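Below is one structure, written out as structure tokens; the observations come after it.
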Amino acid sequence: MEELAAKIQRLSLTHAERRIAEYILEHLNTIGLQTSTALAQDIGVSDTSIIRFIRKLGFKGYSEFRSEMADRIARHYSQTQPGLSPGEKYIKSREFLHQNSLLQDVQRYTLDNLQKSFAKLEMSTVDRVADIILSSRRKFVAGFRGAACCAQYMSSKLLFLVPDVLPVLHADATALERLVDISSSDCLIVYSFPRYSELNFVLMDMAQEQGAKIILFTDQVTSPLANRADVVITACVGGLGFTNSYAVPLSLTEAVLLALSSRRDEGQEKRMDHVDKLVGENQLY
């Protein structure tokens with residue numbers, strides 16, 4: 001289903017279309033079994049909105065879309081053991097977990113987010129991110145407010161592996177000043193989740209205009225920022241409280257860093273040892 005997700009990522013979507021797209025991507029294992037009326041009722045939109053969106057995806061009508069989705073599901077299950085996806089299995093098992101304490105609730109919610117996010121991530125996507133980072137001269141890493149913790153983690157660990165890593169953590173004029181000289185030989189890594197900072201749109205437009213590669217960590221491929229990115233990694237950030245939970249994007253960042261570390265050459269090995277030695281000598285842990 002990667003082709004479908006990629007096609008949706010490239011589209012400019014209305015609010016109703018974004019709801020439809022998110023529902024489809026969350027229910028890929030069953031979407032071929034529903035009628036357009038049932039789908040519209042589940043999402044809370046009109047039949048016309050469903051048909052219009054399906055045609056926007058390049059299908060002649062809903063019947064063609066439904067038939068193709070059903071065929072893909074059949075092919076998938078003919079090649080693998082029948083059953084639910086890892087994320088769906090975990091969601092199904094939640095009813096057996098104790099839910100009478102804060103710690104248990106947080107654990108359940110976090111594991112649920114991790115299962116769903118990693119089930120969507122392909123190793124080919126991680127490899128592409130690693131390729132972009134390693135082939136880029138400078139690596140700009142942007143994240144603001146809550147997402148700044150992700151950008152800080154990525155930039156601080158990335159510095160052990162590659163040179164010219166530039167964190168962009170403050171949502172002010174300094175962010176624009178830092179990116180003003182970005183070029184086609186550079187890349188921009190952005191962490192942005194609802195509510196998306198307007199500054200992220202500006203930074204991604206600046207990078208896109210100069211031909212720099214853009215890697216986006218966000219919540220959905222239907223994010224309004226997604227069509228500006230070369231690669232999108234989605235992370236569930238829903239939390240039990242009033243803020244996003246960043247456990248998942250941090251874990252996905254770790255996966256990218258591990259993929260990068262496995263590709264280190266001798267020069268990068270020496271760099272890591274040198275940085276680690278300087279940190280140790282000065283006790284800057």
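Here, A, B, ... name the chains of the structure tokens in the order displayed, residue numbers run from 1 inside each chain, and ligands are numbered from 1 in the same displayed order.
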
*Spatial neighbours of Cys150 in chain A, 9 Å, only C-alpha atoms, chain gap at least 2 places, as a list in words*: Ala142, Gly143, Gly146, Ala147, Ala148, Gln152, Tyr153, Met154, Ser155, Tyr191, Tyr246, Pro249, Leu250 and Thr253 of chain A

Output of the above residues as a JSON list (two decimals), in the first residue's frame, restricted to all heavy atoms:
[["chain", "number", "residue", "atom", "x", "y", "z"],
["A", 142, "ALA", "N", 15.43, 20.73, 12.41],
["A", 142, "ALA", "CA", 14.52, 21.72, 12.96],
["A", 142, "ALA", "C", 13.37, 21.09, 13.74],
["A", 142, "ALA", "O", 12.79, 20.09, 13.32],
["A", 142, "ALA", "CB", 13.95, 22.59, 11.85],
["A", 143, "GLY", "N", 13.08, 21.69, 14.89],
["A", 143, "GLY", "CA", 11.94, 21.28, 15.70],
["A", 143, "GLY", "C", 11.69, 22.35, 16.74],
["A", 143, "GLY", "O", 12.64, 22.84, 17.36],
["A", 146, "GLY", "N", 7.41, 21.66, 21.71],
["A", 146, "GLY", "CA", 7.49, 20.27, 22.16],
["A", 146, "GLY", "C", 8.37, 19.41, 21.29],
["A", 146, "GLY", "O", 9.09, 18.54, 21.78],
["A", 147, "ALA", "N", 8.33, 19.65, 19.96],
["A", 147, "ALA", "CA", 9.12, 18.84, 19.03],
["A", 147, "ALA", "C", 10.61, 19.15, 19.09],
["A", 147, "ALA", "O", 11.42, 18.43, 18.50],
["A", 147, "ALA", "CB", 8.60, 19.05, 17.61],
["A", 148, "ALA", "N", 10.98, 20.21, 19.80],
["A", 148, "ALA", "CA", 12.40, 20.57, 19.91],
["A", 148, "ALA", "C", 13.21, 19.46, 20.58],
["A", 148, "ALA", "O", 14.40, 19.29, 20.28],
["A", 148, "ALA", "CB", 12.56, 21.88, 20.69],
["A", 152, "GLN", "N", 16.63, 18.11, 19.03],
["A", 152, "GLN", "CA", 17.82, 18.17, 19.87],
["A", 152, "GLN", "C", 18.47, 16.79, 19.99],
["A", 152, "GLN", "O", 19.70, 16.65, 19.87],
["A", 152, "GLN", "CB", 17.46, 18.69, 21.26],
["A", 152, "GLN", "CG", 18.62, 18.70, 22.26],
["A", 152, "GLN", "CD", 19.74, 19.63, 21.83],
["A", 152, "GLN", "OE1", 19.48, 20.77, 21.45],
["A", 152, "GLN", "NE2", 20.97, 19.17, 21.89],
["A", 153, "TYR", "N", 17.65, 15.77, 20.18],
["A", 153, "TYR", "CA", 18.18, 14.41, 20.28],
["A", 153, "TYR", "C", 18.84, 13.98, 18.98],
["A", 153, "TYR", "O", 19.96, 13.45, 18.98],
["A", 153, "TYR", "CB", 17.04, 13.45, 20.65],
["A", 153, "TYR", "CG", 17.47, 12.01, 20.78],
["A", 153, "TYR", "CD1", 18.27, 11.58, 21.82],
["A", 153, "TYR", "CD2", 17.08, 11.06, 19.83],
["A", 153, "TYR", "CE1", 18.67, 10.26, 21.94],
["A", 153, "TYR", "CE2", 17.48, 9.75, 19.93],
["A", 153, "TYR", "CZ", 18.28, 9.34, 20.99],
["A", 153, "TYR", "OH", 18.68, 8.03, 21.09],
["A", 154, "MET", "N", 18.15, 14.21, 17.86],
["A", 154, "MET", "CA", 18.71, 13.84, 16.57],
["A", 154, "MET", "C", 20.03, 14.56, 16.30],
["A", 154, "MET", "O", 21.03, 13.93, 15.93],
["A", 154, "MET", "CB", 17.71, 14.16, 15.45],
["A", 154, "MET", "CG", 18.28, 14.03, 14.03],
["A", 154, "MET", "SD", 18.84, 12.36, 13.59],
["A", 154, "MET", "CE", 17.38, 11.75, 12.74],
["A", 155, "SER", "N", 20.05, 15.86, 16.49],
["A", 155, "SER", "CA", 21.26, 16.63, 16.17],
["A", 155, "SER", "C", 22.43, 16.27, 17.09],
["A", 155, "SER", "O", 23.57, 16.16, 16.64],
["A", 155, "SER", "CB", 20.98, 18.14, 16.23],
["A", 155, "SER", "OG", 20.49, 18.53, 17.49],
["A", 191, "TYR", "N", 10.90, 18.10, 12.41],
["A", 191, "TYR", "CA", 9.96, 17.43, 13.31],
["A", 191, "TYR", "C", 8.78, 18.37, 13.52],
["A", 191, "TYR", "O", 8.95, 19.48, 14.06],
["A", 191, "TYR", "CB", 10.61, 17.11, 14.66],
["A", 191, "TYR", "CG", 11.69, 16.06, 14.61],
["A", 191, "TYR", "CD1", 12.99, 16.39, 14.27],
["A", 191, "TYR", "CD2", 11.40, 14.73, 14.88],
["A", 191, "TYR", "CE1", 13.99, 15.43, 14.21],
["A", 191, "TYR", "CE2", 12.39, 13.76, 14.82],
["A", 191, "TYR", "CZ", 13.68, 14.11, 14.49],
["A", 191, "TYR", "OH", 14.66, 13.16, 14.44],
["A", 246, "TYR", "N", 6.04, 12.31, 22.81],
["A", 246, "TYR", "CA", 7.13, 12.23, 21.85],
["A", 246, "TYR", "C", 7.96, 10.95, 22.00],
["A", 246, "TYR", "O", 9.06, 10.86, 21.45],
["A", 246, "TYR", "CB", 8.02, 13.48, 21.97],
["A", 246, "TYR", "CG", 7.27, 14.72, 21.56],
["A", 246, "TYR", "CD1", 6.74, 15.59, 22.52],
["A", 246, "TYR", "CD2", 7.03, 14.99, 20.23],
["A", 246, "TYR", "CE1", 6.01, 16.70, 22.14],
["A", 246, "TYR", "CE2", 6.31, 16.11, 19.83],
["A", 246, "TYR", "CZ", 5.81, 16.96, 20.79],
["A", 246, "TYR", "OH", 5.08, 18.06, 20.41],
["A", 249, "PRO", "N", 8.31, 9.41, 18.14],
["A", 249, "PRO", "CA", 9.31, 10.03, 17.24],
["A", 249, "PRO", "C", 10.74, 9.90, 17.74],
["A", 249, "PRO", "O", 11.67, 9.77, 16.94],
["A", 249, "PRO", "CB", 8.87, 11.50, 17.17],
["A", 249, "PRO", "CG", 7.89, 11.69, 18.26],
["A", 249, "PRO", "CD", 7.27, 10.37, 18.51],
["A", 250, "LEU", "N", 10.95, 9.87, 19.05],
["A", 250, "LEU", "CA", 12.29, 9.65, 19.57],
["A", 250, "LEU", "C", 12.77, 8.23, 19.25],
["A", 250, "LEU", "O", 13.93, 8.01, 18.91],
["A", 250, "LEU", "CB", 12.31, 9.90, 21.08],
["A", 250, "LEU", "CG", 12.23, 11.37, 21.52],
["A", 250, "LEU", "CD1", 11.99, 11.48, 23.02],
["A", 250, "LEU", "CD2", 13.51, 12.11, 21.13],
["A", 253, "THR", "N", 13.59, 8.07, 15.60],
["A", 253, "THR", "CA", 14.87, 8.75, 15.40],
["A", 253, "THR", "C", 16.02, 7.82, 15.75],
["A", 253, "THR", "O", 17.03, 7.77, 15.04],
["A", 253, "THR", "CB", 14.94, 10.01, 16.27],
["A", 253, "THR", "OG1", 13.91, 10.92, 15.86],
["A", 253, "THR", "CG2", 16.29, 10.70, 16.15]]

*asked:* Among range 122-283 of chain A, which residues does DSSP mark as helix (DSSP H, G or I) when it is run on the backbone? Keep the chain and numbering as in the structure and answer as an MDAnalysis selection string.
replied: chainID A and resid 123:135 145:161 173:179 198:209 226:228 247:261 266:281

*asked:* I'd like the contact shell of Ile214 in chain A - 7 Å cut-off, only C-alpha atoms, skipping same-chain residues fewer than 2 positions apart - returned as a VMD selection string.
replied: chain A and resid 187 to 189 212 216 229 to 231

*Determine, counting only C-alpha atoms, which protein, DNA and RNA residues have an atom within 9 Å of an atom of Ala21 in chain A; residues of the same chain fewer than 2 positions away are not included. Present the result as JSON, numbers by chain.*
{"A": [5, 8, 13, 16, 17, 18, 19, 23, 24, 25, 26, 53, 221, 222]}

Could you turn the residues from that selection into a file that holds C-alpha atoms, as a PDB file, in the first residue's frame?
ATOM      1  CA  ALA A   5       0.267   6.461   0.820  1.00  0.00           C
ATOM      2  CA  ILE A   8      -1.937  10.825  -0.846  1.00  0.00           C
ATOM      3  CA  LEU A  13      -6.159  18.160   0.789  1.00  0.00           C
ATOM      4  CA  ALA A  16     -12.805  16.675   4.724  1.00  0.00           C
ATOM      5  CA  GLU A  17     -10.350  14.986   2.343  1.00  0.00           C
ATOM      6  CA  ARG A  18      -7.740  14.793   5.097  1.00  0.00           C
ATOM      7  CA  ARG A  19     -10.251  12.972   7.335  1.00  0.00           C
ATOM      8  CA  TYR A  23      -9.343   6.861   7.798  1.00  0.00           C
ATOM      9  CA  ILE A  24      -8.294   4.930   4.677  1.00  0.00           C
ATOM     10  CA  LEU A  25      -4.666   4.705   5.797  1.00  0.00           C
ATOM     11  CA  GLU A  26      -5.698   3.543   9.272  1.00  0.00           C
ATOM     12  CA  PHE A  53     -11.615  12.077  -3.110  1.00  0.00           C
ATOM     13  CA  VAL A 221       1.072  11.444   5.504  1.00  0.00           C
ATOM     14  CA  THR A 222      -1.912  13.805   5.203  1.00  0.00           C
TER      15      THR A 222
END

_Let me make sure I understand: among A:Leu278, A:Ile20, A:Val141, A:Ile233, which one has the smallest atom-to-atom distance to Ser124 in chain A if we use only C-alpha atoms?_
A:Ile233

*Rank nothing, just name the residue among A:Met69, A:Ala171, A:Leu203, A:Ala151 nearest to Gln34 in chain A, using only C-alpha atoms.*
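The shortest atom-to-atom distance to Gln34 in chain A comes from A:Met69.
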
*Can you list, as a ChimeraX atom specification, every protein, DNA or RNA residue that comes within 10 Å of Pro224 in chain A when you count only C-alpha atoms, leaving out same-chain residues fewer than 5 positions away?*
/A:9-14,18,196,201,218

_Gap from CA of Glu3 in chain A to CA of Leu57 in chain A - Å, one decimal_ =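 Going from CA of Glu3 in chain A over to CA of Leu57 in chain A, I get 10.8 Å.
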
*Compare A:Gln107, A:Ser261, A:Gln115, A:Thr125 by their minimum atom-to-atom distance to Leu159 in chain A, counting only C-alpha atoms, and give me the closest one.*
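Smallest distance to Leu159 in chain A is found for A:Ser261.
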
*Using DSSP on the backbone, list every residue of range 147-270 of chain A that comes out as strand (DSSP E or B), and give them as an MDAnalysis selection string.*
chainID A and resid 165:168 187:191 213:218 231:234

Print the selection's residues with N, CA and C atoms to a file, as a PDB file, in the first residue's frame.
ATOM      1  N   VAL A 165      26.372  19.315  11.356  1.00  0.00           N
ATOM      2  CA  VAL A 165      24.989  19.176  11.811  1.00  0.00           C
ATOM      3  C   VAL A 165      24.584  20.478  12.494  1.00  0.00           C
ATOM      4  N   LEU A 166      23.505  21.088  12.022  1.00  0.00           N
ATOM      5  CA  LEU A 166      23.093  22.404  12.514  1.00  0.00           C
ATOM      6  C   LEU A 166      21.683  22.348  13.091  1.00  0.00           C
ATOM      7  N   PRO A 167      21.544  22.325  14.417  1.00  0.00           N
ATOM      8  CA  PRO A 167      20.204  22.308  15.019  1.00  0.00           C
ATOM      9  C   PRO A 167      19.510  23.658  14.882  1.00  0.00           C
ATOM     10  N   VAL A 168      18.200  23.610  14.649  1.00  0.00           N
ATOM     11  CA  VAL A 168      17.366  24.820  14.546  1.00  0.00           C
ATOM     12  C   VAL A 168      16.208  24.616  15.522  1.00  0.00           C
ATOM     13  N   CYS A 187      20.598  18.990   3.427  1.00  0.00           N
ATOM     14  CA  CYS A 187      19.278  18.429   3.712  1.00  0.00           C
ATOM     15  C   CYS A 187      18.694  19.094   4.951  1.00  0.00           C
ATOM     16  N   LEU A 188      17.385  19.080   5.031  1.00  0.00           N
ATOM     17  CA  LEU A 188      16.657  19.631   6.173  1.00  0.00           C
ATOM     18  C   LEU A 188      15.825  18.523   6.789  1.00  0.00           C
ATOM     19  N   ILE A 189      16.023  18.282   8.077  1.00  0.00           N
ATOM     20  CA  ILE A 189      15.234  17.308   8.828  1.00  0.00           C
ATOM     21  C   ILE A 189      14.280  18.093   9.726  1.00  0.00           C
ATOM     22  N   VAL A 190      12.977  17.856   9.574  1.00  0.00           N
ATOM     23  CA  VAL A 190      11.968  18.623  10.303  1.00  0.00           C
ATOM     24  C   VAL A 190      11.124  17.695  11.167  1.00  0.00           C
ATOM     25  N   TYR A 191      10.904  18.101  12.414  1.00  0.00           N
ATOM     26  CA  TYR A 191       9.960  17.426  13.313  1.00  0.00           C
ATOM     27  C   TYR A 191       8.783  18.374  13.519  1.00  0.00           C
ATOM     28  N   LYS A 213      17.237  18.415  -0.008  1.00  0.00           N
ATOM     29  CA  LYS A 213      16.371  17.297   0.335  1.00  0.00           C
ATOM     30  C   LYS A 213      15.712  17.559   1.688  1.00  0.00           C
ATOM     31  N   ILE A 214      14.468  17.132   1.832  1.00  0.00           N
ATOM     32  CA  ILE A 214      13.720  17.375   3.065  1.00  0.00           C
ATOM     33  C   ILE A 214      13.200  16.057   3.627  1.00  0.00           C
ATOM     34  N   ILE A 215      13.513  15.810   4.904  1.00  0.00           N
ATOM     35  CA  ILE A 215      13.031  14.640   5.642  1.00  0.00           C
ATOM     36  C   ILE A 215      12.072  15.150   6.716  1.00  0.00           C
ATOM     37  N   LEU A 216      10.857  14.623   6.733  1.00  0.00           N
ATOM     38  CA  LEU A 216       9.835  15.104   7.672  1.00  0.00           C
ATOM     39  C   LEU A 216       9.375  13.992   8.604  1.00  0.00           C
ATOM     40  N   PHE A 217       9.452  14.252   9.903  1.00  0.00           N
ATOM     41  CA  PHE A 217       8.828  13.410  10.924  1.00  0.00           C
ATOM     42  C   PHE A 217       7.535  14.113  11.328  1.00  0.00           C
ATOM     43  N   THR A 218       6.391  13.481  11.099  1.00  0.00           N
ATOM     44  CA  THR A 218       5.115  14.093  11.415  1.00  0.00           C
ATOM     45  C   THR A 218       4.112  13.013  11.792  1.00  0.00           C
ATOM     46  N   VAL A 231      10.935  12.663   1.930  1.00  0.00           N
ATOM     47  CA  VAL A 231      10.651  11.451   2.690  1.00  0.00           C
ATOM     48  C   VAL A 231       9.838  11.835   3.924  1.00  0.00           C
ATOM     49  N   VAL A 232       8.793  11.064   4.195  1.00  0.00           N
ATOM     50  CA  VAL A 232       7.955  11.306   5.373  1.00  0.00           C
ATOM     51  C   VAL A 232       7.964  10.074   6.264  1.00  0.00           C
ATOM     52  N   ILE A 233       8.258  10.268   7.551  1.00  0.00           N
ATOM     53  CA  ILE A 233       8.142   9.210   8.551  1.00  0.00           C
ATOM     54  C   ILE A 233       7.045   9.625   9.524  1.00  0.00           C
ATOM     55  N   THR A 234       6.042   8.770   9.669  1.00  0.00           N
ATOM     56  CA  THR A 234       4.909   9.119  10.530  1.00  0.00           C
ATOM     57  C   THR A 234       5.050   8.486  11.903  1.00  0.00           C
TER      58      THR A 234
END

*asked:* If we count only C-alpha atoms and set the cut-off at 7 Å, which residues sit around range 177-186 of chain A, ignoring sequence neighbours fewer than 4 positions away in its own chain? Please answer as number ranges by chain.
replied: A: 136-139, 173, 207, 210-213

Could you write those residues out with C-alpha atoms, as a PDB file, in the first residue's frame?
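Output (part.pdb):
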ATOM      1  CA  SER A 136      24.344  15.820   2.279  1.00  0.00           C
ATOM      2  CA  ARG A 137      27.046  18.369   3.013  1.00  0.00           C
ATOM      3  CA  ARG A 138      25.177  20.074   5.844  1.00  0.00           C
ATOM      4  CA  LYS A 139      22.362  18.630   7.895  1.00  0.00           C
ATOM      5  CA  ALA A 173      14.293  35.016  13.301  1.00  0.00           C
ATOM      6  CA  ALA A 207      14.829  24.402   1.475  1.00  0.00           C
ATOM      7  CA  GLN A 210      17.106  25.767  -3.142  1.00  0.00           C
ATOM      8  CA  GLY A 211      16.797  22.099  -4.053  1.00  0.00           C
ATOM      9  CA  ALA A 212      17.734  20.712  -0.640  1.00  0.00           C
ATOM     10  CA  LYS A 213      16.371  17.297   0.335  1.00  0.00           C
TER      11      LYS A 213
END

For Asp127 in chain A, please output as a PDB file with C-alpha atoms, in the first residue's frame all residues within 12 Å (counting only C-alpha atoms; exclusion window: fewer than 6 positions along the same chain).
ATOM      1  CA  LEU A 121       7.495   2.047   8.795  1.00  0.00           C
ATOM      2  CA  ILE A 133      21.880  12.307   5.388  1.00  0.00           C
ATOM      3  CA  LEU A 134      25.145  10.674   4.348  1.00  0.00           C
ATOM      4  CA  VAL A 231      10.651  11.451   2.690  1.00  0.00           C
ATOM      5  CA  ILE A 233       8.142   9.210   8.551  1.00  0.00           C
ATOM      6  CA  ALA A 255      16.139   3.634  14.434  1.00  0.00           C
ATOM      7  CA  VAL A 256      17.480   6.112  11.852  1.00  0.00           C
ATOM      8  CA  LEU A 257      20.600   6.763  13.932  1.00  0.00           C
ATOM      9  CA  LEU A 258      21.258   3.032  14.276  1.00  0.00           C
ATOM     10  CA  ALA A 259      20.905   2.593  10.518  1.00  0.00           C
ATOM     11  CA  LEU A 260      23.423   5.396  10.043  1.00  0.00           C
ATOM     12  CA  SER A 261      25.853   3.976  12.600  1.00  0.00           C
ATOM     13  CA  SER A 262      25.879   0.631  10.806  1.00  0.00           C
ATOM     14  CA  ARG A 263      27.220   2.388   7.700  1.00  0.00           C
TER      15      ARG A 263
END

*Would you mind reading off the distance between CA of Asn227 in chain A and CA of Asn244 in chain A, one decimal, in Å?*
22.4 Å

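Shortest atom-to-atom contact with Glu254 in chain A among A:Ser156, A:Gln41, A:Thr35, A:Asn113: A:Ser156, counting only C-alpha atoms.
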